[in-house]
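Worksheet for the structure shown next.
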Amino acid sequence: MKFNYSVTEDDKEMIAAPEIPSEFHLLQESETHFSSDTDFEDPEGKNQKQGKGKTGKKGKKERGILGGFGRMNGHHQQNGVENMMLFEVVKMGKSAMQSVVDDWIESYKHDRDTALLDLINFFIQCSGCKGIVTSEMFRHMQNSEIIRKMTEEFDEDSGDYPLTMAGPQWKKFKSSFCEFIAVLVRQCQYSIIYDEYMMDTVISLLTGLSDSQVRAFRHTSTLAAMKLMTALVNVALNLSINMDNTQRQYEAERNKIIGKRANDRLEFLLQKRKELQENQDEIENMMNSIFKGIFVHRYRDAIAEIRAICIEEIGVWMKMYSDAFLNDSYLKYVGWTLHDRQGEVRLKCLKALQSLYTNRELFPKLELFTNRFKDRIVSMTLDKEYDVAVEAIRLVTLILHGSEESLSSEDCENVYHLVYSAHRPVAVAAGEFLHKKLFSRHDPLAEEALAKRRGRNSPNGNLIRMLVLFFLESELHEHAAYLVDSLWESSQELLKDWECMTELLLEEPVQGEEVMSERQETALIELMVCTIRQAAEAHPPVGRGTGKRVLTAKERKTQIDDKNKLTEHFIIALPMLLSKYSVDAEKVANLLQIPQFFDLELYSTARMEKHLDGLLKQIKFVVEKHIEHDVLEACSKTYSILCSEEYTIQNRVDVARSQLIDELVDRFGHAVEELLQEGEEADDDDIYNVLSTLRRLTAFHNAHDLTKWDLFGNCYRLLRTGIEHGSMPEQIAVQALQCCHYSILWILVKSAEVTSSKEDLLALRKTVKTFLAVCQQCLSNVNTPVKEQAFMLLCDLLMIFSHQLTAGGRDSLQPLMFNPDCSLQTELLSFVMDHVFIDQDEENQSMEGDEEDEANKIEALHKRRNLLAAFCKLIIYDIVDMHAAADIFKHYMKYYNDYGDIIKETLSKTRQIDKIQCAKTLILSLQQLFNELVQEQGPNLDRTSAHVSGIKELARRFALTFGLDQIKTREAVATLHKDGIEFAFKIPNSKGSEYPPPNLAFLEVLSEFSSKLLRQDKKTVHTYLEKFMTEQMMERREDVWLPLISYRNSLLTGGDDDRMSIISGGSSSKVSSIRSKKGRPPLYRKRIDVEENVDGSWINRNDSIQTPGPLQTPQLTSTVLRENQRPAGEQMQEQESELSSESDFMHNPQMQMSWLGQQKLDDVNRKDRVGINYMKVRAGVRQAVRGLMEDDAEPIFEDVMMSSRGQLEDMNEEFEDTMVIDLPPSRNRRERAELRPDFFDSAAIIEDDSGFGMPMF
């Protein structure tokens, strides 16, 4: 394997192709050689430093790589090979890093220049640079010159470098790289780092690289420098400990009496203390060089990864050596960076602070920082990046845990509401905060003692009361499941204390306990049911998480245990709870959800049938007491669960259910007879008897097959009576409609499960037809609820009994298929227009008497959306004619906020069904709006009015829905233009041909679709337009003819937008970016040439479709079998490629002549004139595309440092006065201690304005 580098005349000694010897192998631990005075360990500090002096102090002249290198031996080829292997060894990461470093130290002791050159090349190659620093360069070139030379050796074809490359090997490289630096400093910490040669050279190199405009150099050197700084901080910490120990030994020896005092020992300790002091001074100088030369510039680098590295490492320094670094002088950088624009950097800030706030001993040093940056930290709990928000909440929790006084009640409330967040990690973190705030301050032993004195079994009574109060104060009662899920991980033991909850609900309060209010009891029951659901299902509620995850074996065991525990408890407690709260509908509806989470086998295995009888008795009592829908639905669902055939209790429950239904049906029959007999003289009691019984039966009919009781007959009688006499109460009519609907569906289910006779199917068809007729008649009912119910049932039944019924091998059900006739379709559409697309003012006026609040308005909107969605489904599934969608589409802009998503989805689905019909429907909707406007304002429209602009904006939105691929939509767009032209010239002006047609202004709307035409189609459409134009029309230039002029211009001119869309269409499945490399323009020219031959075949369509006049209702016809009516040519064309040439189309006898093709044949003599214009425009487009591609070339290295040294001066951000790292004084250095300036003080901010140019507070 060879590495080729360029060789210049000036650098004869640069390596051209260093080769790695195949016999190279790493030294094993047994082969590594150590000298007696190596730098590997020196616990007593006995080794002397080499060439030690004071030149490394602050203010000394900065040393470059050039200085002191006169002893280079020139063996650059050997150096290059060794350097390559050092990089390769670290990259592979298979050898013990300490062994690699030890070998390098041994080499350094033999020839430090050669070893240091290897280390320098190691950093260069870790940056992804191919170049190698030779000994000649090392001796005679400055840092900047070497770095400039290395920049030229970068691979220009790729911007990747080892720290950013993908793959498992490169992912491990970063950790190996960092480990190498840490081990290097650790192994050199006793002598080599103090020789004023190795560290000075490395720091100088890294400082120069970190100031490079090349991202790879800047990123790699910053990471190396920050890890080097971390290693030096660790060395400084060890020196501080040794100095304290030495001082302690010295004082102990000096305090001895003179006779026992060892003067030699004292002298040795003084000398050792002096050496340690000098070492510490050297380390301070090194750290100052790194901090001032690299950190203060790179912590605000343009690259987020570099900023993140700096913040992560300064957090390590503050935690590792808090006496030196944990002060406001360094904390300010973390505080400033909390405002970083990248979430990755903000995340590093928060994690760095978390490591500090975890240690409560550090809180006094963090007090000022907390006061100044607390508001920012609290605001970050709402960060747009969820990961950042989670860590911010955890940091706030740590602050709360360390000092509750630091957070105000307002700060806490900002976190409280996040327990209802839809993002689960955020909610769980907020739940932990809430748990610490509400529950962690209580003494469990004291609570247990208090509970025993009060005769309670559980000590959690007060905590549960507090949870209920919090839930009520949050005023989000419908989100109880979210609150429980948020607290589940931190307060699971409390939430599973169902004994305590039922104890609070069932037993009377003892002395000293507050009585729970009705509202609190309701909230407690709701929370209790949510905890039961969470324990039984073991997954978050709907809206949190991406779906059900697979449980681990431990989680599965916990789920089973919890389900058994809750079943055993509530089998006994639930009947008592239902008995106590049987008259409260809301409480009962919640309590009746509990049985669905039972392990029902326990009724039999644990011999608890008597408790089952008690539960059934209570449910029957609830059914007889209540007529609320939620309560009855809960009862019905509970019976359905208990009647499951897989359990042995099914027979017992089925008997109880049958008895209840028998009683209800018998009561209902008598009540109906009495009501019908009384007629208009029926009193409120008669109406209530029918309504209450019918509500119960309807609720049960939803989940249970009650067809053997034949409820359809009496319900139908009620509906017919109401239609004939118009005196049926609306609630009875609504419930009767719903009950009939359920009866039909249950009969259909049985017919599908068991092969039914033809007579049975015909009988069901007759029933369905009869019921649909009743529903259609109910659409004209005076009561809105009845009309809405009838409409929804009509839509549902038309969907169920449509052509979809026979899908999946159910051909036997074909006699049940029902297709709506034109009158029914028209009536359904009219209902949508009258009840869905209503103005807000009309709605408010209709609701003014009810004084509905905002919540009720939202509920009304939700109901209207359901009505619209039900009708749109009929269009999408080809049950109602697609032309009916025109009345829907024309409201797209006006009701965009309310129904925009539904209309857009309907438009998308209809286009998938039939592009041509969809295009005709779109233009029909625009024509209807235009006709309405003409009827309001007359034929002379104000083209600048808001109404005309609204129609044009709607057309523009419709045009955008066709997308970028013009090949796929060319036929649909051309058909749309054809219909639009015919509509514009359909009605001639009664004053004569010299006057514009009344609908001519519609062409201005039609021009919004011109950009969606292919260039050759524009010519064809223009030719078709000229058929309707006279010579006088072509010459007119008055304002009334401007729509025609504008539309013609849109067809005759093709701009860059058109050309680029053609390119997009040619690529079909891939949308390419305009930005490209040098070799891309020929590819675009090739695509343009291909496009010139694209002229797909056009299928002859029925051109006799009439456009409606003003306010004319479109003729609606069934489109169930439309796909069988399509011409054979179209089916053939769908199987062929979409890109077919014009010549193929012209000479293919199997293909019919399309409208566009016919126009081309009729006007072939005008082809040359149009072709000339076309070639001119095409040449302009080519030139524009070529210029665009060439002008948009991208630099290889587009990432440059945020601020060079010159820019720093321009920003007035001088770091000359930045604080100098001064390690805290040990006991022998107290005389050096002095107060540091408060860098949070306003005066200090003026001196050091390095906080991103923003005020800190």
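Residues are named by chain letter and number: chains run A, B, ... in the order of the structure tokens, numbers start at 1 in each chain, and ligands are numbered from 1 in the order shown.
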**OP:** Return as a ChimeraX atom specification the full set of residues in stretch 740-976 of chain A whose backbone-based DSSP assignment is alpha helix (DSSP H).
**Re:** /A:740-753,758-778,784-800,822-835,840-846,854-876,886-889,896-913,915-937,946-960,966-976
Original post:
Using only C-alpha atoms, which residues sit within 12 Å of A:Phe433 once same-chain residues fewer than 2 positions away are excluded, as a PyMOL selection string?
Top reply: chain A and resi 381+390-401+404+407+411-419+426-431+435-440+486-487+489-491
**OP:** For atom CA of A:Asn1049 and atom CA of A:Leu926, quote the distance in Å rounded to one decimal.
**Re:**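 One can read the atom CA of A:Asn1049 to atom CA of A:Leu926 distance as 21.2 Å.
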**OP:** Could you jot down the atom CA of A:Leu976 to atom CA of A:Ser1050 separation for me, Å, one decimal place?
**Re:** 15.1 Å
**OP:** For stretch 261-266 of chain A, please output as an NGL selection string all residues within 12 Å (counting only C-alpha atoms; exclusion window: fewer than 3 positions along the same chain).
**Re:** :A and (246-258 or 269-273)
Subject >> Spatial neighbours of A:Phe837, 9 Å, only C-alpha atoms, chain gap at least 2 places, as a VMD selection string >> reply: chain A and resid 832 to 835 839 864 888 891 895
Generate a file of the selected residues that holds N, CA and C atoms, formatted as a JSON list (two decimals), in the first residue's frame.
[["chain", "number", "residue", "atom", "x", "y", "z"],
["A", 832, "VAL", "N", -74.74, 18.79, 2.89],
["A", 832, "VAL", "CA", -73.38, 19.23, 3.22],
["A", 832, "VAL", "C", -73.25, 20.73, 3.02],
["A", 833, "MET", "N", -73.80, 21.23, 1.92],
["A", 833, "MET", "CA", -73.70, 22.67, 1.66],
["A", 833, "MET", "C", -74.42, 23.49, 2.73],
["A", 834, "ASP", "N", -75.53, 22.97, 3.24],
["A", 834, "ASP", "CA", -76.33, 23.74, 4.19],
["A", 834, "ASP", "C", -75.84, 23.62, 5.63],
["A", 835, "HIS", "N", -75.19, 22.51, 5.97],
["A", 835, "HIS", "CA", -74.87, 22.27, 7.38],
["A", 835, "HIS", "C", -73.37, 22.23, 7.67],
["A", 839, "ASP", "N", -71.22, 30.08, 7.58],
["A", 839, "ASP", "CA", -70.39, 31.15, 8.11],
["A", 839, "ASP", "C", -70.38, 31.10, 9.62],
["A", 864, "ARG", "N", -69.15, 19.00, 12.48],
["A", 864, "ARG", "CA", -69.23, 19.36, 11.05],
["A", 864, "ARG", "C", -68.13, 18.67, 10.26],
["A", 888, "ILE", "N", -67.41, 20.77, -3.14],
["A", 888, "ILE", "CA", -66.53, 20.69, -1.97],
["A", 888, "ILE", "C", -65.24, 21.47, -2.23],
["A", 891, "HIS", "N", -64.71, 25.38, -1.86],
["A", 891, "HIS", "CA", -64.62, 25.99, -0.53],
["A", 891, "HIS", "C", -63.25, 25.79, 0.10],
["A", 895, "TYR", "N", -62.63, 27.94, 3.64],
["A", 895, "TYR", "CA", -62.73, 27.15, 4.88],
["A", 895, "TYR", "C", -61.46, 26.33, 5.11]]
**OP:** Calculate how many Å separate atom CA of A:Asn564 from atom CA of A:Leu616, rounding to one decimal.
**Re:**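 Pair atom CA of A:Asn564 / atom CA of A:Leu616 returns 20.7 Å.
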Subject >> Surrounding residues of stretch 539-554 of chain A excluding itself and chain neighbours under 6 positions, 12 Å, only C-alpha atoms, as JSON, numbers by chain >> reply: {"A": [419, 420, 421, 422, 423, 424, 425, 426, 427, 428, 479, 480, 481, 482, 483, 484, 485, 486, 487, 488, 489, 530, 531, 532, 533, 560, 561]}
**OP:** Using only C-alpha atoms, pick whichever of A:Val754, A:Ala236, A:Met728, A:Lys580 has the shortest atom-to-atom distance to A:Gln277.
**Re:**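 Checking each of A:Val754, A:Ala236, A:Met728, A:Lys580 against A:Gln277, counting only C-alpha atoms, the winner is A:Ala236.
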**OP:** For A:Ala523, work out the shell of residues within 7 Å, counting only C-alpha atoms and skipping chain neighbours fewer than 4 positions away, then give it as a PyMOL selection string.
**Re:** chain A and resi 468+519+527
